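**Student:** So that we are looking at the same thing, I have put the structure below in structure tokens.
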Amino acid sequence: MPSQFFGLNIAYTGLQASHAWLTTTANNIANVETEGYSRQQVVQEAANALRTWQTYGMAGAGVDAKAIEQVRNQFYDLKYWNSNATLGSYEIKEDYIKQIEDYFTETDTVPGFGTIYSKMFSGLDEVYKSAGTDAAKSQFLYLAGDMCDYFNAMSANLKKLQEDANLEIKNQVDNINTLASELANVNKQINAIEITGITANELRDKRAVMIDRLSKIVDVETQEIPIYTEEGGNIESGTNRFIVRIAGGQELVNTYRYNTLECVPRDYKVNQSDSEGLFDIMWSNHLEFNLYGRNLNGTLKGLVEVRDGNNEEYFHGTVKSSQYNAADDTSKIVISADYDYLQDINKCTLAEEGIITITNKEFKYSEWSYDADRKEYTFTVADNANDYVDKSAQIGNSIQYQGIPYYQQQMNEWVREFASAMNKIEQTAMDEYGNHAEVLFGGRKATDADMWDFDEDNVNFTSEGDNYYQLTASNYIVNRNMIRDVSKFLTNSNPDQGQDQQDILSEMMDVQSNKDKMTFKGCSSKEFLECILTDVALNASNATTFSKNYDNITKSINNQRLSVSGVDNDEEALNLVKFQEAYNLSAKMISVFQEIYDKLINQTGV
Amino acid sequence: MRITNGIINNNTKNNILVNKEYNDRYNTMVATGQKITRPSDDPIVAIRALRLNNNINEINQYYDKNIPDAEAWMEITETALTQTQSVLESVQSNLTQGASDDNQSKDRLNLLENLKALKDQIYASGNADYAGRTVFTGFRTGESLTFMSNETQLFTMVQNFSTEDVNKMTYVSGSYSYDPEKLNEYDPSTYNQTDVKDNEIFRLRLAYDDLTTGQKDIHGGNLDRSLTVTLKDGSTVRAGVSVKSLGNDPEANDKIYTEVGDNEVTLITTTGELILGKNIAEAMRKEGSTTSFEYAKENWKKNDPRPEHYFAAKTYDPDADGGKGREIEYNYDENHNPAFKDQKIQYEIAYNQKIEINVNADEVFSTSIARDVDELVKVTQNTEDAYNKLKKLQGYQSSGTLDPRSQEKIDSLVDAAQKEFDLYKEKMQKMFSQGITIFKDYTDKLNNKLSAVGSLSNRLELTKSRVSDQLNNFKELADGNINAEITETAIDLKNAEMALQAAQQAAATVSKTTLLSYL
């Protein structure tokens, strides 16, 4: 038979368990609106029964409140992080592509390319109808200047946007770094608590919130490995190794240690029209951080795609030969241009100088040239590259997104096509002394007041030559000499035939819609905006749709998560009632036992 | 699934947000009247809108600018041609009068005055301009059709001739310049009425008279002094051209006209005529023969048509190129061969539809109009002169104060003068009646052009209404493409509003009560 006082003890465990429940409920209710808080519950079981050596067998020993644990399903966390990363990527893309869309959009109130372009050709039509009058000519040149300004401004806007994306990349990298250090810190706290055998519920929630945040910036995966008391042993110490990997499995946090990322401004450009000083990202321990990996996701991916997206048109090829010049420690390497877009000067996006990567080795190139007959590029690179023949070389990376470099390239291509079509026609015009006309459109030189006028070879071209490679949307201008002196804009192939001779002008008018004179992505010149805006609008609509979708998905996963870990008021109210009742009953038990003892001790047999 | 307060809250929030979004969308649609606010809302609609706007811009250019410009241009052309038409009609009525055989001296004087005045008017209307741009001068809208003042500038020009350009003219030779003081020197046996003859002469008339006597090109070298006639079969007949000028001596002048070798051609610079020798004339008169001749002229009178509007011409502009001077070739091709052709100015008045809006001077203001009038003036003058001479001699003849010898001489001279007068009178009559036909041709040509311009105006009018239709069509399409259907959108908006209110109401009730309310 158990002790006379055994019942009091049983009642006491009930009191304890109910109390634990009541405080847990209080805690749950208090945290009902806390972000990331998982509801907690008391794990209780019937205490080990006592052997009483009586006929009735074992006597129940009350209840044992074992632990207060959080209700959480890791599987939903995983799902949430994945979906959140994709959401992050689309959200940021939506944000940026909408800005690009704003730049390109043309509405009734905001004149865009279409208005400017058709005004220019209306101006040309006026010249066509009265070629003799300087007023019409200067009006046309002014309107053509408007179009140049449009492209200059667009290019500058996109450059600015690229800088914004670049800065935001830095911000996000800083966020990753901060989160990494906080995660390491929290890991330490968790282990310090859990080594005592207690679950650090609140800290675990806090860690999960941090990873939620991280998962939007960059794709994340975590791994928790229990640490055993001795090497190879099987007794868990209660502590865990907690590893966080980002960007396709690159280790960010390993328990108490963490790596940080660093932004290194480039002293070169990948694309001709890139902004200055875009960041390359590296690990602080100088290991390479793969920014262009297929598995990268999250805001970081969105930003990188916006900043560097080239629609997979990047320079790459096989090194055919290399010739080392020991005198100045340079090599001339020849690379075959196997792709259409590499064989057309108008599509060229190579920076004047930059870095070419040949099987993981980076070479600095200072100049290059293109040979159209052999379809070969020749780069002058620092260092001896003789060992790299037959290896594959590339500049930049293939990025399957139409980002800012893509739109810059499209504008450059259109501007080059258009300028060369118009210039070709204008240059057949002659003045009365038999001199051919100058170019109608030129390129502003960065360094001096001079102008590119493309008098060099445009089939075989070099990075330094005066050819259409030098023309970009940002330096596109109307020949200044013509603006200064309208009469330099010639409109006759033979001026002695009279000022109103229309041959040159009628050919120029034809450039608008005749695809033999100019094509741009299979469209005529005036359809430029339609081509570009189709890309922009589809990308934007795509980004909107997907970010909406993933927002829904993420929300629904979050709801699933809440379904498990969320605090419910009614449930807690019920718990409150339930355990208050239980507590009251246990308390009643104690008073009952007290009465029993009173009877037994004070009133029995005395 | 366990539904917690959080889930309900999230979902309620979501529902309200979604409904708000709809509200916003329909509200914007109603407010702006457009289906989309940005291209990504509906890329297809946006791109189609661009395309349609493109079309509208293009058509606006036709409708607002090109067609009105063409209309104005043609109106001016029409006015100028109508003016010319009335000038030609006046010439006609004068011609009819000149052709009658009972013209008296005062009629002839009258005719002379009229014709001289009309000649100046013919080209004046050819100088018509639209906004400072001459309409009849092809691409050379900056230049007037005629010289605006008397000018000295050397031009050489190449004129082409065909069989029809050869004309047979009557040249009255043997005119005696009578001088009463020198009646003694006159010998009736050496000069009498048999010496007054009418000669048939074949000639090519150049576009201008008063050519340079030297016939040098603009660099001072000699021009080609030969004339090559190309026959229909391709064979050629070549003749040397001798350059001569008329002087004061009638006898010498007669020789210039009448004594031309069979295989020779004489250029008379004073009158701008090529007198053809017999064989050359024969070759030229064969059907299908052509030739061309280059000649030089330096002195221009006000109202002379400028040669560059009619011929391949060269001149030298000494002031050009900062005083260095420069040779100008008008209507030469790139190989420097003469290549005169009409310069047609085209306006695009609808998509891919161009019309030629201008009439070239050589189509209506032919240089031969002035030459014809000049010659009519001249023959009238000649007739009048011959008449005056005859009157004067007849006065002597009947004065009765002369001795018989002189009387005999005067009689002979009167006979000669009478014959001269008769011949000139006949020539004048003939030329005037021919002139009626010739000027009828000019008028016909002009009328043809006028009706061509008229029908072009009609076509323009038609195109205008068609373009206007097109414009409306495209505007309708553009509106239909981008404009929201207001009624429908308003209903959608109302629905969205109600859905939002419902969601809000539901939210208010769902989170208000908990279990605690009932405990």
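Every chain in the structure tokens has a letter given in the order shown (A, B, ...), and although residue numbers restart at 1 in each chain, ligands are simply numbered from 1 in the order shown.
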Residues within 12 Å of A:Gln594, please, as a list of chain:residue names. Count only C-alpha atoms; anything in the same chain fewer than 3 positions from it doesn't count.

**Tutor:**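 That gives A:Gln4, A:Phe5, A:Gly7, A:Leu8, A:Asn9, A:Ala11, A:Ala587, A:Lys588, A:Met589, A:Ile590, A:Ser591, A:Tyr597, A:Asp598, A:Lys599, A:Leu600, A:Ile601, A:Asn602.
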
**Student:** Near chain B, meaning an atom within 7 Å, which residues of chain A appear when counting only C-alpha atoms? Write them as a ChimeraX atom specification.

**Tutor:** /A:114,118,122,129,132,496-501,530,534,537-538,540-541,559,562-564,566-570,573

**Student:** Just want the 12 Å neighbourhood of B:Arg405, counted on only C-alpha atoms, with same-chain residues fewer than 3 positions away dropped. Output as a PyMOL selection string.

**Tutor:** chain B and resi 183-184+186-188+397+401-402+408-412

**Student:** Could you pull out the strand (DSSP E or B) residues of stretch 289-503 of chain B from DSSP and send them as JSON, numbers by chain?

**Tutor:** {"B": [290, 291, 292, 293, 294, 295, 296, 297, 298, 299, 300, 305, 312, 313, 314, 315, 316, 317, 326, 327, 328, 329, 330, 332, 338, 346, 347, 348, 349, 350, 353, 354, 355, 356, 483]}

**Student:** Enter the distance from atom CA of B:Val414 to atom CA of B:Glu384, in Å, rounded to one decimal.

**Tutor:** 15.4 Å

**Student:** Find the residue from A:Gln410, A:Asn584, A:Ser565, A:Thr133 that sits nearest to A:Val32; use only C-alpha atoms when measuring.

**Tutor:**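 Of all the options, A:Ser565 lies closest to A:Val32.
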
**Student:** Counting only C-alpha atoms, what is within 9 Å of B:Lys302, bar same-chain residues fewer than 3 positions away, as a PyMOL selection string?

**Tutor:** chain B and resi 120+146-151+305

**Student:** Give me the residues within 12 Å of B:Ser465 as a list in words, counting only C-alpha atoms and dropping any in the same chain fewer than 5 places off.

**Tutor:**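 Returned residues: Ile59, Tyr62, Tyr63, Ile67, Ile349, Ala350, Asn458, Arg459, Leu460, Gln470, Leu471 and Asn472 of chain B.
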
**Student:** Given only C-alpha atoms as the basis, pick out the residue of B:Met284, B:Asp249, B:Asp479, B:Tyr310 nearest to B:Val265.

**Tutor:**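 Of B:Met284, B:Asp249, B:Asp479, B:Tyr310, the one nearest B:Val265 is B:Met284, counting only C-alpha atoms.
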
**Student:** What's around A:Ile246 at 12 Å? Count only C-alpha atoms, leave out sequence neighbours fewer than 2 positions away in its own chain, and write the answer as a ChimeraX atom specification.

**Tutor:** /A:81-82,85,173,176-177,179-180,211,214-223,243-244,248-254,258-261,289-291,293,295-298,300-301

**Student:** Tell me, in Å to one decimal, how far atom CA of A:Met210 is from atom CA of A:Ala165.

**Tutor:**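 One can read the atom CA of A:Met210 to atom CA of A:Ala165 distance as 23.4 Å.
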
**Student:** Taking only C-alpha atoms into account, name the residue in A:Glu262, A:Val270, A:Tyr90, A:Gly302 that is nearest to A:Trp283.

**Tutor:**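 So, comparing all the options, the nearest one is A:Glu262.
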
**Student:** Enter the distance from atom CA of A:Leu471 to atom CA of A:Lys98, in Å, rounded to one decimal.

**Tutor:**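 Separating atom CA of A:Leu471 from atom CA of A:Lys98 is a distance of 27.2 Å.
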